[in-house]
Every structure is written in C-alpha cells, then in structure tokens.
Protein chains: 2
Amino acid sequence: MKVLVADDDAELRELIAFTLAQASYLVIKASDGSAAVRLFNEESPDLVVLDINMPGLSGFQVCEAIRARSRVPVMMLTVRGEEEDLVRALGLGADDYLTKPFSPRTLLARIRALLRRAGMESTAPVAAGRITLDLSEHTVRIGDAEAVRLTKLELRLLQMLLANANHTVTSERLLVQVWGHRSGGDRQLLKQLVHRLRQKIEADPAAPALLRTAAAGYKLVVD
Amino acid sequence: MKVLVADDDAELRELIAFTLAQASYLVIKASDGSAAVRLFNEESPDLVVLDINMPGLSGFQVCEAIRARSRVPVMMLTVRGEEEDLVRALGLGADDYLTKPFSPRTLLARIRALLRRAGMESTAPVAAGRITLDLSEHTVRIGDAEAVRLTKLELRLLQMLLANANHTVTSERLLVQVWGHRSGGDRQLLKQLVHRLRQKIEADPAAPALLRTAAAGYKLVVD
DNA sequence: CCCGTTTGTCACCGGGCTGTTACCGAGGCG
DNA sequence: CGCCTCGGTAACAGCCCGGTGACAAACGGG
C-alpha cells in the first residue's frame, strides 16, 4: 500500500513517514505542494496525507488537483481551531482530517479506517517507462505485450522496485517490505521470488534486461 | 433522513438537534445510553450521533450494541485530547468522530460526508449494462431474461458489485459492506454467498461470465 | 407452533502459491 | 588447487485459497 505524505515541516513529515513505514506502508514524501502533485501523478499512491499549510501550492490546491483526476482517499492535516479550513477541505473532497498535534497511533487508526472504507482500489495503474503495474488487477504490462498476471508477493516486489526505478534497492529492504521480516538471513526467499518474477516479465530470463542484479540488491531498469 | 442524537448534556443535545432539524433531518433524541439503544431499535435511524461520556451505558457500549445488529453510520463525540477514546471508538466500528467543541457547520459537513459515503444520499444507479437491480422488489433482471428474486444478502452483494461495475472489489471490503465485519476473518461467508448468487444469475455457474473471481476479490463484468 | 427460506458452518477437493532443500557455476582468496 | 561465498536454477512438499456440496441453525410468515 503506497502513501504520499506532503508536509513542509520536515520533522513532522519524517515522523509520519516513519510511522507508516513501520506499519509496512510504502511511503513517498513531498516537501511542498507542487512536488506533491508531481509525485501523485508519477506514483499513483493509494492514499494521500496533505498538510494544508504549505509554501507554493497549498493543501487545498493540491487536493483540488488530485480530485480532478482521482478519487483516492485524502487526509488533510490542520492546526487546531481552524474550523473554516475543515469545512473547505471536506467541501473539496477530502475524506478525513487530523488536527495537529496528533499521536502516531491516532494517525494509523484513521488511515486504516480510510483505506478500509475506500476498499483500497487504486483505479489508476502505476507506471514507469514501458512498465505498467495495475495494482487492483494484479497484472503488469511491458510495453505493448499482453498483461501478465502476478501473485501477491511478485506484485509487492515489483511495486517496490518500480517505486525506486533505476535505483538499487537493497535485499534487506526488499525483505522487510515484501515479507515484513525484521531480521535478515532469509535471502533464499528473495532469490526465488526474483527468479519467478523474471520468468514472467523478462524476454530472456537468463539474461535479465529489466530486473537486474546489483550490488547488495536489485534494480529495475526502465528507459 | 432520520438521525438519532444521544448526549446527556442537554444544551449540546438541543444544539445538535436544532442544527440537524434546520437542515431538514428528522431528529430523535436520547439523554442516556440505554435510551439510545432502545430508540435505535424502535426507530431504525439512518445515522447515529453518540457522545462517549454518558451515564449508564457509555457511548462505547451503545456503539457496540448497535454494531452487533446494524451497519448504520455512527459518529462519536469526544472531548479534546482523549486520543485513546478515538482509537477505541474506531476499533468498535464507529465511522467518524468529532472533538468537542465543534461548530454546527462542521457537524453538518461531516454528517453529510458520512451519509454520502454510506450511499444514502446519492442516487445510486441500480443498473449497468444488461443488469438491472430492483431494490424494492429484491429482484435482478439480466438482459431480457425473467427477473430473479434475491435474498437480502445477495442483493447487498450485487449492489456493491454493481456500484463498482467492471472494477475489482476486494473481499475485505465486501465483508465490511455486506456483513459489517470488522476483522477480516470470515471468507467462508463470502465464498458461499458468491456461490449462491452465481447459481441465480449466471447462465453457467461453473464458468462465471458476470461475477468473476479477480485478484483479491470479485468483479462484476458488464458490457 | 410449524414449515419453508435464508444464512452460517463444516468438510473436502484441486490448483496454484510459497517456502525449503539441493545442486550448479562463477569468482575471490590463501 | 581447494575451499568458501554468493547468485541462479530446479524440484518438491506443505499451505492457502477458491469452489462445491451437505447440513445445521436462525429467521420469518402463516
């Protein structure tokens, strides 16, 4: 599950990101409004956490831009006592809000409630280069080829790699994100999963062009 | 639209009641928890506003009693800073909450959002493609075929799928929407219900053309 | 209260997913 | 050269999950 967190307050942003990562959400961070809009288009998150007060584009404007093309759940962050903000945010299509300060537990409970309500059906597929991932259908399409059906784990792995396209992701991190393992040691699982995924997405699985082995991990190469 | 308001604070209760009445909701008032449960059973409201701190039965207990038999939207009222309360309330199946004090405008906005989510305020389309649902008659018609009578649960399931025609709806979401289950334990129920519904609406139930199994859920395929 | 309908539960099957073990080959190093 | 490590590959077995049938429990109208 991918979550976009947009807040210009670095400390709060990292706290939220850490909390969500601990709960095995895949977190994408934005430090201002325009970055939030760009990352939303690039990453197609399943949920967006938006601070209202941001330099450049405000949370309202970001919310509006998102709502123009998606019904993804949006949670707004506000300072206490600004009721006008709440009414306006809900009017723009935000699904919920939190009043700062809030506890990590509260944040998690609300986010889970939102995702439960929304049924987490991100209609928009995730894409990078020639690779298009359809999370709701559990399929991936390479270029013009036919869509390939993926298993749950394969989907998670590919989602992680796609979120870091052209960058190496360490085996350690993949283990944590895909299986939730806290300790290392279980590399065999990853080896097998990579192998099975290559069988499905590589033209020549023996000579990987997309899912490459890199130092201490793997990397998804897109054009 | 009928709303049950339960709060032992007479002043706040009347303010809420007045606000809702102005917005042309029909309001039923309860001044303690046991009255709330009794009135809920007698009146079958479309939405419940529950104060957590009440003499006798607390808002938690009332919420629990309501959730044992209904999926009606529940909004909890809490005092500021009691984050534990929020987590507990959402865990018990409450759909939203408000922190006292709040403005009438905020209350109205949140209640409307809740009703919109529950699909009670929108004119939910009861038809898509060749499939036509008659909610009052509990029947469904496929193309020119004769209308088929459905049970309550079958109707709810089909209604959910129809509202998301051609899109996968996760099992988790279906469980919540049809039975109101909070924990995702019981897949057997869904399996059986899908099976029974297929017997009624599919030409060849062994090879489903309409109600197809999809990754992590089901999908209603319409042309 | 009785009886048919509806709903929940149990058992079983079969297929695909996943974890495990074993083995191979390449490369590093004494 | 022998040993070790590490990634890739294959094979296998257990497990999970969806489909199905049978039956019990709960419900509901006469």
# chains A, B, ... in the order shown; residues from 1 in each chain; ligands from 1
>>> residues_around(residues="DT6 (chain C)", least_positions_apart="3", cutoff="10 Å", atoms="only C-alpha atoms (C1' of nucleotides)", output="ChimeraX atom specification")
/B:151-153 /D:26-28
>>> write_last_selection(atoms="C-alpha atoms (C1' of nucleotides)", output="PDB file, in the first residue's frame")
ATOM      1  CA  THR B 151     -32.207 -12.617  -0.697  1.00  0.00           C
ATOM      2  CA  LYS B 152     -31.190  -9.652   1.416  1.00  0.00           C
ATOM      3  CA  LEU B 153     -27.501 -10.540   1.421  1.00  0.00           C
TER       4      LEU B 153
ATOM      5  C1'  DA D  26     -31.668 -18.962  12.664  1.00  0.00           C
ATOM      6  C1'  DC D  27     -35.266 -16.481  10.859  1.00  0.00           C
ATOM      7  C1'  DG D  28     -39.954 -15.348   9.485  1.00  0.00           C
TER       8       DG D  28
END
>>> interface_residues(of="chain A", to="chain C", cutoff="12 Å", atoms="only C-alpha atoms (C1' of nucleotides)", output="list in words")
Leu150, Thr151, Lys152, Leu153, Glu154, Trp179, Asp186, Arg187, Gln188, Leu189, Leu190, Lys191, Gln192, Leu193 and Arg196 of chain A
>>> write_last_selection(atoms="C-alpha atoms", output="PDB file, in the first residue's frame")
ATOM      1  CA  LEU A 150       1.292 -11.625 -10.854  1.00  0.00           C
ATOM      2  CA  THR A 151       0.988 -13.213  -7.447  1.00  0.00           C
ATOM      3  CA  LYS A 152       0.703 -11.162  -4.292  1.00  0.00           C
ATOM      4  CA  LEU A 153       4.408 -11.329  -3.474  1.00  0.00           C
ATOM      5  CA  GLU A 154       5.527 -10.724  -7.033  1.00  0.00           C
ATOM      6  CA  TRP A 179       7.637 -10.180   3.847  1.00  0.00           C
ATOM      7  CA  ASP A 186      16.386 -15.202   4.599  1.00  0.00           C
ATOM      8  CA  ARG A 187      17.825 -14.350   1.217  1.00  0.00           C
ATOM      9  CA  GLN A 188      16.664 -17.573  -0.347  1.00  0.00           C
ATOM     10  CA  LEU A 189      13.071 -16.331  -0.417  1.00  0.00           C
ATOM     11  CA  LEU A 190      14.122 -13.242  -2.308  1.00  0.00           C
ATOM     12  CA  LYS A 191      16.239 -15.243  -4.731  1.00  0.00           C
ATOM     13  CA  GLN A 192      13.285 -17.454  -5.565  1.00  0.00           C
ATOM     14  CA  LEU A 193      10.853 -14.595  -5.897  1.00  0.00           C
ATOM     15  CA  ARG A 196       9.908 -16.365 -10.612  1.00  0.00           C
TER      16      ARG A 196
END
>>> closest_residue(among="B:Ala6, B:Ala207, B:Ile16, B:Val178", to="chain D", atoms="only C-alpha atoms (C1' of nucleotides)")
B:Ala207
>>> interface_residues(of="chain D", to="chain A", cutoff="10 Å", atoms="only C-alpha atoms (C1' of nucleotides)", output="list in words")
DG7, DG8 and DT9 of chain D
>>> select_by_dssp(residues="region 21-165 of chain A", states="strand (DSSP E or B)", output="ChimeraX atom specification")
/A:26-30,47-51,74-79,96-100,126-128,131-134,139-142,148-149
>>> select_by_dssp(residues="region 64-220 of chain B", states="alpha helix (DSSP H)", output="PyMOL selection string")
chain B and resi 64-67+83-91+104-118+152-163+171-179+187-201
>>> interface_residues(of="chain B", to="chain A", cutoff="6 Å", atoms="only C-alpha atoms", output="mmCIF file with C-alpha atoms, in the first residue's frame")
data_model
loop_
_atom_site.group_PDB
_atom_site.id
_atom_site.type_symbol
_atom_site.label_atom_id
_atom_site.label_comp_id
_atom_site.auth_asym_id
_atom_site.auth_seq_id
_atom_site.Cartn_x
_atom_site.Cartn_y
_atom_site.Cartn_z
ATOM 1 C CA THR B 106 -18.516 21.268 10.852
ATOM 2 C CA ARG B 173 -14.453 -4.519 1.500
ATOM 3 C CA ALA B 215 -7.177 -10.902 -7.720
#
>>> atom_distance(atom1="CA of Ile66 (chain A)", atom2="CA of Leu20 (chain A)")
21.2 Å
>>> atom_distance(atom1="CA of Ala10 (chain A)", atom2="CA of Leu47 (chain A)")
19.5 Å
>>> residues_around(residues="Asn41 (chain B)", least_positions_apart="2", cutoff="12 Å", atoms="only C-alpha atoms (C1' of nucleotides)", output="JSON, numbers by chain")
{"B": [4, 34, 35, 36, 37, 38, 39, 43, 44, 45, 46, 48, 62, 65, 66, 67, 68, 69, 70, 72]}
